[in-house]
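Colleague: File name start22.txt; file contents compact mmCIF, C-alpha atoms; full text below.
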# COMPACT_ATOMS: atom_id res chain seq x y z
CA MET I 801 81.04 370.65 181.45
CA SER I 802 82.72 369.40 184.63
CA SER I 803 81.66 371.16 187.75
CA PRO I 804 82.88 371.43 191.33
CA PRO I 805 80.57 371.04 194.31
CA LEU I 806 77.78 373.57 194.40
CA GLY I 807 78.55 376.77 196.24
CA PRO I 808 76.79 378.03 199.33
CA THR I 809 74.62 380.71 197.68
CA GLY I 810 71.76 379.31 199.68
CA PRO I 811 71.28 376.31 201.90
CA ARG I 812 72.07 373.36 199.65
CA GLY I 813 68.76 371.98 198.60
CA GLY I 814 66.96 375.24 199.48
CA HIS I 815 64.88 377.21 196.99
CA GLN I 816 67.39 380.05 196.56
CA HIS I 817 70.20 377.62 195.90
CA TRP I 818 68.30 375.91 193.10
CA ARG I 819 67.06 379.20 191.74
CA HIS I 820 70.66 380.31 191.28
CA GLN I 821 71.38 377.22 189.21
CA LEU I 822 68.73 378.14 186.64
CA GLY I 823 71.08 380.24 184.49
CA ALA I 824 73.65 377.47 184.15
CA PHE I 825 70.77 375.03 183.63
CA ALA I 826 69.21 377.12 180.85
CA LEU I 827 72.58 377.44 179.11
CA GLY I 828 73.24 373.70 179.34
CA HIS I 829 76.28 374.03 181.58
CA LEU I 830 75.31 371.51 184.27
CA ASP I 831 76.35 367.88 184.35
CA ASP I 832 73.80 365.07 184.42
CA VAL I 833 73.57 364.81 188.19
CA GLU I 834 73.06 368.57 188.66
CA THR I 835 70.64 368.70 185.76
CA ALA I 836 68.52 365.95 187.30
CA ALA I 837 68.57 367.72 190.67
CA VAL I 838 67.45 371.03 189.13
CA ARG I 839 64.68 369.24 187.24
CA ALA I 840 63.48 367.67 190.47
CA HIS I 841 63.28 371.10 192.08
CA LEU I 842 61.51 372.56 189.05
CA ASP I 843 58.85 369.85 189.26
CA GLY I 844 57.74 371.22 192.58
CA CYS I 845 58.47 374.95 192.18
CA ALA I 846 56.21 377.06 190.00
CA SER I 847 58.17 380.28 190.56
CA CYS I 848 61.40 378.66 189.33
CA ARG I 849 59.55 377.31 186.31
CA ALA I 850 58.34 380.82 185.55
CA GLU I 851 61.83 382.29 185.91
CA LEU I 852 63.30 379.57 183.73
CA ALA I 853 60.71 380.26 181.02
CA GLU I 854 61.82 383.87 181.04
CA ILE I 855 65.52 383.19 180.46
CA ALA I 856 65.44 379.93 178.51
CA PRO I 857 65.01 381.54 175.04
CA LEU I 858 68.26 383.44 175.55
CA ALA I 859 70.39 380.31 175.18
CA ALA I 860 69.74 379.93 171.45
CA LEU I 861 70.28 383.65 170.89
CA LEU I 862 73.57 383.68 172.78
CA ASP I 863 74.75 380.82 170.59
CA THR I 864 74.56 383.19 167.60
CA VAL I 865 77.01 385.63 169.20
CA ASP I 866 80.54 385.51 167.82
CA VAL I 867 82.79 386.10 170.82
CA GLU I 868 85.59 387.70 168.83
CA ARG I 869 83.22 390.08 167.09
CA PHE I 870 81.64 390.85 170.43
CA ALA I 871 85.02 391.66 171.94
CA ALA I 872 85.94 394.05 169.09
CA PRO I 873 82.77 395.81 167.91
CA PRO I 874 83.09 397.48 164.49
CA ALA I 875 82.76 401.27 164.39
CA PRO I 876 81.79 403.64 161.58
CA THR I 877 84.49 405.93 160.20
CA PRO I 878 85.01 409.02 162.40
CA ASP I 879 83.72 411.39 159.71
CA LEU I 880 80.30 409.79 159.32
CA GLY I 881 78.67 412.09 161.90
CA GLY I 882 80.08 415.12 160.08
CA ARG I 883 78.84 413.86 156.74
CA ILE I 884 75.35 413.43 158.14
CA ARG I 885 75.42 416.92 159.65
CA ASP I 886 76.55 418.39 156.32
CA ALA I 887 73.91 416.53 154.36
CA VAL I 888 71.14 417.81 156.63
CA ALA I 889 72.57 421.35 156.69
CA SER I 890 72.69 421.60 152.91
CA GLU I 891 69.19 420.21 152.46
CA ARG I 892 67.83 422.46 155.21
CA SER I 893 69.34 425.55 153.68
CA LEU I 894 67.87 424.62 150.31
CA ALA I 895 64.45 424.21 151.92
CA ALA I 896 64.78 427.61 153.64
CA ASP I 897 65.63 429.26 150.31
CA ARG I 898 62.57 427.72 148.76
CA ARG I 899 60.31 429.00 151.52
CA VAL I 900 61.56 432.53 150.90
CA GLU I 901 60.88 432.16 147.18
CA ASP I 902 57.41 430.80 147.93
CA GLU I 903 56.61 433.84 150.01
CA ARG I 904 57.84 436.16 147.27
CA ALA I 905 55.76 434.34 144.70
CA ALA I 906 52.71 434.65 146.96
CA GLY I 907 53.27 438.41 147.24
CA ALA I 908 53.45 438.75 143.48
CA ALA I 909 50.21 436.86 143.18
CA ASP I 910 48.39 439.29 145.43
CA ALA I 911 49.64 442.19 143.33
CA ASP I 912 48.38 440.89 140.06
CA LEU I 913 45.14 438.92 139.87
CA ALA I 914 45.63 437.92 136.26
CA ARG I 915 49.04 436.54 136.98
CA ALA I 916 47.68 434.81 140.05
CA ALA I 917 45.04 433.10 137.95
CA ALA I 918 47.69 432.01 135.50
CA ARG I 919 49.80 430.67 138.30
CA ARG I 920 46.88 428.76 139.77
CA ARG I 921 46.57 426.95 136.48
CA ARG I 922 50.24 426.18 136.52
CA THR I 923 50.17 425.33 140.18
CA THR I 924 47.68 422.60 139.45
CA ARG I 925 50.37 421.01 137.38
CA ILE I 926 53.20 421.88 139.73
CA GLY I 927 51.07 420.86 142.70
CA LEU I 928 51.06 417.30 141.49
CA LEU I 929 54.78 417.39 141.85
CA ALA I 930 54.92 419.51 144.96
CA SER I 931 52.42 417.41 146.84
CA ALA I 932 54.83 414.53 146.78
CA ALA I 933 58.24 416.02 146.72
CA ALA I 934 60.67 418.82 146.23
CA LEU I 935 62.54 416.22 144.34
CA VAL I 936 60.03 414.51 142.14
CA VAL I 937 60.33 411.26 140.34
CA LEU I 938 57.40 410.29 138.19
CA ALA I 939 57.78 406.71 137.16
CA LEU I 940 55.61 405.91 134.19
CA GLY I 941 55.68 402.23 135.03
CA GLY I 942 54.95 402.76 138.70
CA GLY I 943 57.65 403.72 141.14
CA TRP I 944 58.78 405.78 144.03
CA LEU I 945 58.33 409.26 145.32
CA LEU I 946 60.89 410.81 147.61
CA GLY I 947 61.33 414.12 149.30
CA ARG I 948 59.23 416.87 150.76
CA SER I 949 56.25 418.96 149.88
CA ASP I 950 57.81 422.36 149.62
CA ALA I 951 58.75 422.59 145.96
CA PRO I 952 58.85 426.21 144.87
CA GLU I 953 56.19 427.66 142.65
CA GLU I 954 56.89 428.83 139.16
CA THR I 955 57.20 432.49 138.39
CA ALA I 956 54.75 433.83 135.84
CA ALA I 957 57.27 434.10 133.02
CA PRO I 958 57.21 431.54 130.19
CA ARG I 959 59.21 428.52 131.08
CA PRO I 960 62.49 428.30 129.19
CA TYR I 961 63.89 424.89 128.54
CA GLU I 962 67.42 424.24 127.40
CA ALA I 963 67.98 420.82 125.86
CA ILE I 964 71.20 419.13 126.94
CA GLU I 965 73.01 415.94 126.00
CA LEU I 966 73.06 413.70 129.07
CA ARG I 967 75.60 411.05 128.19
CA ASP I 968 75.87 407.56 129.70
CA VAL I 969 79.45 407.41 131.02
CA GLY I 970 79.12 404.25 133.09
CA SER I 971 79.12 400.76 131.67
CA SER I 972 75.44 400.49 132.54
CA ASP I 973 72.49 400.13 130.22
CA LEU I 974 70.92 403.49 130.89
CA ARG I 975 68.80 405.11 128.26
CA VAL I 976 68.09 408.84 128.23
CA ASP I 977 65.32 409.85 125.85
CA ARG I 978 65.45 413.55 126.52
CA ALA I 979 67.15 415.89 128.95
CA GLY I 980 67.24 419.57 129.67
CA VAL I 981 67.78 422.22 132.29
CA VAL I 982 65.30 424.87 133.32
CA PRO I 983 66.55 428.11 134.86
CA HIS I 984 64.32 429.34 137.70
CA THR I 985 64.48 432.38 139.92
CA TRP I 986 65.32 430.08 142.82
CA GLY I 987 67.87 427.88 141.08
CA VAL I 988 68.27 425.47 138.23
CA GLU I 989 66.30 422.33 137.52
CA LEU I 990 67.38 419.22 135.67
CA GLU I 991 64.69 417.35 133.78
CA PHE I 992 65.16 414.10 132.02
CA GLN I 993 63.29 411.07 130.82
CA GLY I 994 64.94 407.68 130.61
CA ALA I 995 65.04 404.06 131.68
CA GLY I 996 67.40 401.36 132.92
CA PHE I 997 68.10 402.76 136.39
CA ILE I 998 68.51 399.83 138.75
CA ALA I 999 65.28 399.25 140.64
CA GLY I 1000 65.48 400.44 144.22
CA GLN I 1001 68.92 401.98 143.85
CA THR I 1002 69.30 405.61 144.86
CA TYR I 1003 70.87 407.91 142.30
CA ARG I 1004 72.04 411.44 142.98
CA ALA I 1005 72.23 414.41 140.66
CA SER I 1006 74.60 417.34 141.16
CA PHE I 1007 75.47 420.51 139.35
CA ARG I 1008 79.08 421.65 139.13
CA THR I 1009 79.49 425.31 139.89
CA THR I 1010 81.84 427.54 137.97
CA GLY I 1011 84.13 429.78 139.96
CA THR I 1012 87.47 429.17 141.58
CA ASP I 1013 88.78 425.90 140.36
CA ASP I 1014 91.88 423.89 141.04
CA ASP I 1015 90.58 421.44 138.45
CA ASP I 1016 91.06 418.48 140.71
CA GLY I 1017 87.48 417.37 140.22
CA LEU I 1018 86.78 417.57 143.93
CA ASP I 1019 83.28 417.71 145.31
CA ASP I 1020 83.62 421.21 146.71
CA ARG I 1021 82.23 422.57 143.48
CA MET I 1022 79.40 420.06 143.28
CA VAL I 1023 75.97 421.13 144.54
CA SER I 1024 73.31 418.53 145.09
CA ALA I 1025 70.15 418.59 143.01
CA GLY I 1026 68.61 415.77 145.03
CA GLU I 1027 68.21 412.10 144.49
CA PHE I 1028 65.87 409.61 142.90
CA ARG I 1029 65.28 405.93 142.95
CA GLY I 1030 65.62 403.69 139.93
CA VAL I 1031 62.66 401.67 138.68
CA GLY I 1032 64.51 399.22 136.43
CA GLY I 1033 63.27 398.92 132.89
CA ALA I 1034 60.30 401.21 133.46
CA GLU I 1035 60.57 404.69 132.06
CA LEU I 1036 60.88 407.52 134.53
CA VAL I 1037 60.71 411.29 134.34
CA CYS I 1038 62.82 413.16 136.85
CA HIS I 1039 62.74 416.78 137.98
CA LEU I 1040 65.78 417.48 140.12
CA GLN I 1041 66.19 420.88 141.65
CA SER I 1042 69.16 422.78 142.96
CA SER I 1043 69.60 426.13 144.66
CA VAL I 1044 72.45 427.22 142.38
CA MET I 1045 71.62 429.48 139.43
CA ARG I 1046 71.81 428.35 135.81
CA ASP I 1047 74.53 430.87 134.98
CA ASP I 1048 76.71 429.51 137.75
CA VAL I 1049 76.87 425.90 136.64
CA ASP I 1050 78.74 424.24 133.80
CA ARG I 1051 78.13 420.55 134.22
CA VAL I 1052 75.54 418.14 135.56
CA VAL I 1053 76.47 414.73 136.91
CA VAL I 1054 74.32 411.78 137.98
CA THR I 1055 75.98 409.26 140.28
CA ASP I 1056 74.83 405.83 141.40
CA ALA I 1057 74.50 404.55 144.97
CA ARG I 1058 78.25 403.95 145.15
CA GLY I 1059 79.11 407.42 143.97
CA ARG I 1060 80.17 406.38 140.48
CA ARG I 1061 79.26 408.72 137.64
CA VAL I 1062 76.69 407.26 135.31
CA LEU I 1063 75.43 410.31 133.38
CA VAL I 1064 77.22 413.54 132.55
CA ALA I 1065 76.28 416.61 130.53
CA GLU I 1066 78.38 419.68 129.83
CA LEU I 1067 76.30 422.85 130.01
CA MET P 1131 60.06 420.45 161.58
CA ALA P 1132 61.17 421.52 165.06
CA VAL P 1133 60.20 418.27 166.68
CA ALA P 1134 61.76 415.54 168.73
CA GLY P 1135 65.30 416.80 168.85
CA LEU P 1136 65.83 416.58 165.09
CA ALA P 1137 65.08 420.19 164.23
CA ASP P 1138 68.43 420.98 162.61
CA GLU P 1139 71.76 419.48 161.70
CA GLU P 1140 73.21 419.96 165.18
CA GLN P 1141 70.38 418.04 166.79
CA VAL P 1142 70.62 415.34 164.13
CA HIS P 1143 74.34 415.14 164.82
CA ALA P 1144 73.67 414.81 168.54
CA ALA P 1145 71.22 411.98 167.81
CA TYR P 1146 73.89 410.35 165.66
CA LEU P 1147 76.42 410.49 168.49
CA LEU P 1148 73.90 408.76 170.75
CA HIS P 1149 72.60 406.11 168.39
CA GLY P 1150 74.78 406.09 165.26
CA PRO P 1151 77.42 403.53 166.24
CA GLU P 1152 74.77 401.07 167.40
CA LEU P 1153 72.77 401.59 164.19
CA TYR P 1154 75.92 401.09 162.18
CA ARG P 1155 76.66 397.75 163.85
CA PHE P 1156 73.08 396.69 163.19
CA VAL P 1157 73.15 397.60 159.50
CA LEU P 1158 76.65 396.21 159.02
CA ARG P 1159 75.45 392.91 160.42
CA GLY P 1160 72.71 392.83 157.84
CA LEU P 1161 74.67 394.01 154.80
CA GLY P 1162 78.19 392.85 155.58
CA ASP P 1163 79.66 395.79 153.69
CA PRO P 1164 81.05 398.70 155.76
CA GLY P 1165 80.66 401.22 152.91
CA ALA P 1166 77.07 400.25 152.24
CA ALA P 1167 76.33 400.22 155.99
CA GLN P 1168 77.58 403.80 156.34
CA ASP P 1169 75.49 404.89 153.35
CA VAL P 1170 72.42 403.36 154.94
CA VAL P 1171 73.14 404.99 158.32
CA GLN P 1172 73.52 408.38 156.64
CA GLU P 1173 70.31 407.82 154.72
CA THR P 1174 68.59 406.84 157.98
CA PHE P 1175 69.42 410.12 159.74
CA VAL P 1176 68.61 412.29 156.71
CA LYS P 1177 65.27 410.51 156.28
CA ALA P 1178 64.58 410.88 160.00
CA TRP P 1179 65.24 414.60 159.78
CA ARG P 1180 62.95 414.94 156.76
CA ALA P 1181 60.19 413.06 158.55
CA ALA P 1182 60.77 414.54 162.01
CA ASP P 1183 57.30 416.07 162.09
CA ARG P 1184 55.83 412.58 161.88
CA TYR P 1185 57.76 411.33 164.89
CA ASP P 1186 55.70 411.04 168.06
CA PRO P 1187 57.80 410.56 171.20
CA GLU P 1188 54.71 409.34 173.01
CA LEU P 1189 54.48 406.36 170.67
CA SER P 1190 58.10 405.30 170.58
CA SER P 1191 61.56 406.33 171.67
CA LEU P 1192 63.76 408.14 169.17
CA ARG P 1193 66.03 405.13 169.18
CA THR P 1194 63.22 402.73 168.28
CA TRP P 1195 62.02 405.08 165.57
CA LEU P 1196 65.51 405.37 164.07
CA PHE P 1197 65.87 401.61 164.07
CA GLY P 1198 62.60 401.28 162.19
CA ILE P 1199 63.87 403.64 159.49
CA ALA P 1200 67.25 401.90 159.37
CA ARG P 1201 65.63 398.50 159.11
CA ASN P 1202 63.54 399.57 156.10
CA ALA P 1203 66.50 401.30 154.46
CA MET P 1204 68.55 398.16 154.94
CA ILE P 1205 65.85 395.96 153.40
CA ASP P 1206 65.58 398.36 150.43
CA HIS P 1207 69.32 398.25 150.02
CA ALA P 1208 69.47 394.45 150.20
CA ARG P 1209 66.68 394.17 147.64
CA ALA P 1210 68.36 396.64 145.31
CA ALA P 1211 71.60 394.71 145.59
CA ARG P 1212 69.71 391.59 144.55
CA ALA P 1213 68.12 393.31 141.59
CA ARG P 1214 71.33 393.95 139.70
CA PRO P 1215 70.89 393.95 135.93
CA TRP P 1216 72.95 390.84 135.24
CA GLN P 1217 70.77 388.97 137.71
CA GLY P 1218 67.67 390.34 136.09
CA ALA P 1219 68.81 388.88 132.79
CA LEU P 1220 69.43 385.47 134.33
CA VAL P 1221 66.62 385.14 136.82
CA ASP P 1222 62.92 385.05 136.20
CA PRO P 1223 61.41 388.28 137.58
CA THR P 1224 58.95 386.41 139.79
CA THR P 1225 61.89 384.73 141.51
CA VAL P 1226 63.42 388.08 142.32
CA ALA P 1227 60.07 389.30 143.61
CA GLU P 1228 59.74 386.21 145.78
CA ALA P 1229 63.11 386.97 147.30
CA GLY P 1230 61.40 389.91 149.06
CA PRO P 1231 60.01 388.10 152.10
CA SER P 1232 63.20 386.13 152.54
CA VAL P 1233 65.11 389.39 152.77
CA GLU P 1234 62.75 390.34 155.58
CA ASP P 1235 63.15 386.98 157.28
CA GLN P 1236 66.91 387.32 157.12
CA THR P 1237 66.57 390.79 158.55
CA GLU P 1238 64.59 389.42 161.50
CA ALA P 1239 67.25 386.82 162.19
CA VAL P 1240 69.94 389.48 161.93
CA LEU P 1241 67.94 391.72 164.22
CA HIS P 1242 67.69 389.11 166.97
CA SER P 1243 71.32 388.08 166.80
CA TRP P 1244 72.44 391.70 166.84
CA LEU P 1245 70.00 392.54 169.62
CA VAL P 1246 71.33 389.99 172.08
CA GLU P 1247 74.84 391.30 171.44
CA GLU P 1248 73.83 394.89 172.09
CA ALA P 1249 71.89 393.86 175.19
CA LEU P 1250 74.97 392.03 176.43
CA ARG P 1251 76.88 395.31 176.19
CA ARG P 1252 74.28 397.00 178.39
CA ILE P 1253 74.33 394.73 181.43
CA THR P 1254 76.89 395.16 184.22
CA GLU P 1255 80.47 394.10 183.71
CA THR P 1256 80.14 391.48 186.47
CA HIS P 1257 77.14 389.84 184.82
CA ARG P 1258 78.61 390.13 181.33
CA THR P 1259 81.90 388.52 182.33
CA ALA P 1260 80.11 385.57 183.91
CA ILE P 1261 78.11 384.91 180.71
CA VAL P 1262 80.88 385.64 178.21
CA GLU P 1263 83.50 383.51 179.94
CA THR P 1264 81.34 380.50 180.73
CA HIS P 1265 79.10 380.47 177.68
CA LEU P 1266 80.66 382.34 174.76
CA ARG P 1267 84.18 381.17 175.61
CA GLU P 1268 82.91 377.83 176.93
CA ARG P 1269 85.26 377.80 179.92
CA PRO P 1270 84.66 375.53 182.95
CA HIS P 1271 82.89 377.19 185.85
CA ASP P 1272 85.59 376.29 188.38
CA GLU P 1273 88.31 377.82 186.22
CA VAL P 1274 86.39 381.07 185.70
CA ALA P 1275 85.39 381.24 189.38
CA ALA P 1276 89.03 380.79 190.46
CA GLU P 1277 90.17 383.49 188.07
CA LEU P 1278 87.56 385.89 189.43
CA GLY P 1279 88.33 384.88 193.02
CA VAL P 1280 84.75 383.89 193.86
CA PRO P 1281 83.06 380.60 194.76
CA VAL P 1282 81.43 378.67 191.92
CA GLY P 1283 78.06 379.26 193.55
CA THR P 1284 78.60 383.02 193.25
CA LEU P 1285 79.57 382.66 189.60
CA ARG P 1286 76.37 380.70 188.99
CA SER P 1287 74.22 383.30 190.66
CA ARG P 1288 75.91 385.91 188.46
CA ILE P 1289 75.03 383.87 185.38
CA PHE P 1290 71.43 383.64 186.57
CA TYR P 1291 71.05 387.34 187.39
CA GLY P 1292 73.03 388.20 184.26
CA LEU P 1293 70.51 386.33 182.09
CA LYS P 1294 67.63 388.04 183.87
CA ALA P 1295 69.29 391.43 183.25
CA LEU P 1296 69.89 390.46 179.61
CA ARG P 1297 66.24 389.60 179.20
CA THR P 1298 65.21 392.91 180.75
CA ALA P 1299 67.63 394.81 178.49
CA MET P 1300 66.23 393.11 175.40
CA ASP P 1301 62.67 393.87 176.48
CA GLU P 1302 63.61 397.51 177.00
CA MET P 1303 65.18 397.60 173.56
CA GLY P 1304 61.81 396.75 172.16
CA VAL P 1305 62.18 393.13 171.09
CA ALA P 1306 61.55 390.06 173.18
CA PRO P 1307 63.47 386.88 172.39
Could you express the structure from this file as structure tokens?

Modeller:
Amino acid sequence: MSSPPLGPTGPRGGHQHWRHQLGAFALGHLDDVETAAVRAHLDGCASCRAELAEIAPLAALLDTVDVERFAAPPAPTPDLGGRIRDAVASERSLAADRRVEDERAAGAADADLARAAARRRRTTRIGLLASAAALVVLALGGGWLLGRSDAPEETAAPRPYEAIELRDVGSSDLRVDRAGVVPHTWGVELEFQGAGFIAGQTYRASFRTTGTDDDDGLDDRMVSAGEFRGVGGAELVCHLQSSVMRDDVDRVVVTDARGRRVLVAEL
Amino acid sequence: MAVAGLADEEQVHAAYLLHGPELYRFVLRGLGDPGAAQDVVQETFVKAWRAADRYDPELSSLRTWLFGIARNAMIDHARAARARPWQGALVDPTTVAEAGPSVEDQTEAVLHSWLVEEALRRITETHRTAIVETHLRERPHDEVAAELGVPVGTLRSRIFYGLKALRTAMDEMGVAP
């Protein structure tokens, strides 16, 4: 790069003058004569060598910067913050509901020792799930556990199980071996066993609530039952829990990471 | 879970306003897909909220912690994208598994490139202009100096102090070049 005479930022030939050339030197902006002069100063100046060592690695990094992209940085859509707030709010309210149910279940246990003993036996089983997640994915072939450790306890009543037909509505190669919903006092649970969920991809399950309906298929009737992560060809067993009650839902939908429906069951 | 300013959705939202756009640019750089980048950013904040009781402000800043979560979520996403079924049918599974470290290597390269850009946004306008015009836009020093109305020597000292400020900004952001 051509360069005019050096400016008077310090006495020409003085330490400060050469120090101020180090940036242009590190970036390769100086011509041969200036480069040789800076090198000569560096040979005899340890502090300039130290400062150069500090800034020299930046040259290669700056070369990776695209100036147009830098000038116009991309921004997320304006509603992303709101979506995040809503996602946290809905999960937090679900967790709060579960805590209340836990406390009620604990009170019932104190009142009836026999029932408490029965629940302890069940809790051993539930505890395996609860210790890992409110949303639990048990992958038979090894896999992932997501979620939190506040899954609600069972009530003492026998556990009803309603088999459902969870149909593959995507063009994927999902296999569902069995599926059902379990009504609880705190909400409804979807259970299913299957395989073919893309490894590492996050899937989400939702229940559709009955009630006012403009039949436009919008999400305002969908209530999350949590999410799970695919484990490829390995078989997985999922327990996905929602705060809506069994009588208030008429459909369950599983969507993939892009929001496309992959499994649907009418209830 | 009332820890570290992520106790509820309002605090999470406030954290998003502070760090979200920067996280988005980071993840977008890595994934190249705006939709996927927004999914990963959302996942990052929800995961951070879920794990807020494990965050220790004495060990790292909230920003650094969020970037750690985002980085892992991005790597997971990139790996999942590579493990699509049609690829699984065509590629030997060990090859897919071996792609793991290279995803991480790519992420490191992305991280450094992104980091210098973000650091460049943090230094003063005077320093930034000197570096952007002379280096990124490759303009001659005399031309830039004339446009700014300063001697070339002043422009050069701005480049020098600008690089020092850039280095400091990168160090403060937690990664040295």

Colleague: Hey, list the chain P side of the contact with chain I: 6 Å cut-off, only C-alpha atoms, answer as a list in words.

Modeller: Glu1139, His1143, Gln1172, Ala1210, Ser1243, Leu1266, Val1282, Gly1283, Ser1287, Ile1289 and Phe1290 of chain P

Colleague: Just to confirm, what's the straight-line distance from atom CA of His984 of chain I to atom CA of Val1176 of chain P in Å (one decimal)?

Modeller: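 Pair atom CA of His984 of chain I / atom CA of Val1176 of chain P returns 25.9 Å.
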
Colleague: Rank nothing, just name the residue among I:Phe1028, I:Phe992, I:Tyr961, I:Trp986 nearest to Arg898 of chain I, using all atoms listed in the file.

Modeller: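 Closest residue, counting all atoms listed in the file: I:Trp986.
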
Colleague: Take atom CA of Val1170 of chain P and atom CA of Leu1196 of chain P and report the distance between them in Å, one decimal.

Modeller: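 Interatomic distance, atom CA of Val1170 of chain P to atom CA of Leu1196 of chain P: 11.6 Å.
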
Colleague: Would you please work out which residue, of I:Asp968, I:His815, I:Gly1059, I:Arg1046, is nearest to Ser847 of chain I when using all atoms listed in the file?

Modeller: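 So, comparing all the options, the nearest one is I:His815.
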
Colleague: One decimal, Å: what's the distance from atom CA of Gly1279 of chain P over to atom CA of Asp832 of chain I, could you say?

Modeller: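 These atoms are spaced 26.0 Å apart.
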
Colleague: For segment 1248-1254 of chain P in the structure I just supplied, write out all heavy atoms - as a JSON list (two decimals), in the first residue's frame.

Modeller:
[["chain", "number", "residue", "atom", "x", "y", "z"],
["P", 1248, "GLU", "N", -17.53, -9.09, 16.81],
["P", 1248, "GLU", "CA", -18.25, -8.50, 17.95],
["P", 1248, "GLU", "C", -17.34, -7.55, 18.71],
["P", 1248, "GLU", "O", -17.78, -6.50, 19.17],
["P", 1248, "GLU", "CB", -18.77, -9.61, 18.87],
["P", 1248, "GLU", "CG", -19.86, -10.47, 18.26],
["P", 1248, "GLU", "CD", -21.13, -9.69, 17.90],
["P", 1248, "GLU", "OE1", -21.45, -8.70, 18.58],
["P", 1248, "GLU", "OE2", -21.79, -10.08, 16.92],
["P", 1249, "ALA", "N", -16.07, -7.93, 18.85],
["P", 1249, "ALA", "CA", -15.13, -7.06, 19.57],
["P", 1249, "ALA", "C", -14.96, -5.74, 18.82],
["P", 1249, "ALA", "O", -14.87, -4.67, 19.43],
["P", 1249, "ALA", "CB", -13.78, -7.77, 19.73],
["P", 1250, "LEU", "N", -14.96, -5.84, 17.50],
["P", 1250, "LEU", "CA", -14.83, -4.63, 16.68],
["P", 1250, "LEU", "C", -16.00, -3.68, 16.89],
["P", 1250, "LEU", "O", -15.87, -2.46, 16.77],
["P", 1250, "LEU", "CB", -14.75, -5.08, 15.21],
["P", 1250, "LEU", "CG", -14.04, -4.20, 14.17],
["P", 1250, "LEU", "CD1", -12.68, -3.74, 14.65],
["P", 1250, "LEU", "CD2", -13.92, -4.97, 12.85],
["P", 1251, "ARG", "N", -17.15, -4.25, 17.22],
["P", 1251, "ARG", "CA", -18.32, -3.40, 17.49],
["P", 1251, "ARG", "C", -18.20, -2.70, 18.84],
["P", 1251, "ARG", "O", -18.91, -1.75, 19.11],
["P", 1251, "ARG", "CB", -19.61, -4.22, 17.50],
["P", 1251, "ARG", "CG", -19.96, -4.87, 16.18],
["P", 1251, "ARG", "CD", -21.31, -5.56, 16.23],
["P", 1251, "ARG", "NE", -21.42, -6.54, 15.16],
["P", 1251, "ARG", "CZ", -21.58, -6.22, 13.88],
["P", 1251, "ARG", "NH1", -21.67, -4.95, 13.53],
["P", 1251, "ARG", "NH2", -21.64, -7.15, 12.96],
["P", 1252, "ARG", "N", -17.33, -3.23, 19.70],
["P", 1252, "ARG", "CA", -17.27, -2.71, 21.07],
["P", 1252, "ARG", "C", -16.25, -1.59, 21.23],
["P", 1252, "ARG", "O", -16.28, -0.89, 22.23],
["P", 1252, "ARG", "CB", -16.90, -3.84, 22.03],
["P", 1252, "ARG", "CG", -18.02, -4.83, 22.19],
["P", 1252, "ARG", "CD", -17.58, -6.03, 23.00],
["P", 1252, "ARG", "NE", -18.74, -6.87, 23.28],
["P", 1252, "ARG", "CZ", -19.06, -7.32, 24.47],
["P", 1252, "ARG", "NH1", -18.32, -7.03, 25.52],
["P", 1252, "ARG", "NH2", -20.13, -8.06, 24.63],
["P", 1253, "ILE", "N", -15.30, -1.47, 20.33],
["P", 1253, "ILE", "CA", -14.29, -0.42, 20.51],
["P", 1253, "ILE", "C", -14.86, 0.91, 20.03],
["P", 1253, "ILE", "O", -15.94, 0.96, 19.43],
["P", 1253, "ILE", "CB", -12.98, -0.80, 19.78],
["P", 1253, "ILE", "CG1", -13.18, -0.86, 18.27],
["P", 1253, "ILE", "CG2", -12.44, -2.11, 20.33],
["P", 1253, "ILE", "CD1", -11.90, -1.17, 17.51],
["P", 1254, "THR", "N", -14.14, 2.00, 20.28],
["P", 1254, "THR", "CA", -14.70, 3.32, 19.97],
["P", 1254, "THR", "C", -14.83, 3.50, 18.45],
["P", 1254, "THR", "O", -14.11, 2.87, 17.66],
["P", 1254, "THR", "CB", -13.81, 4.45, 20.51],
["P", 1254, "THR", "OG1", -12.55, 4.40, 19.81],
["P", 1254, "THR", "CG2", -13.59, 4.31, 22.01]]
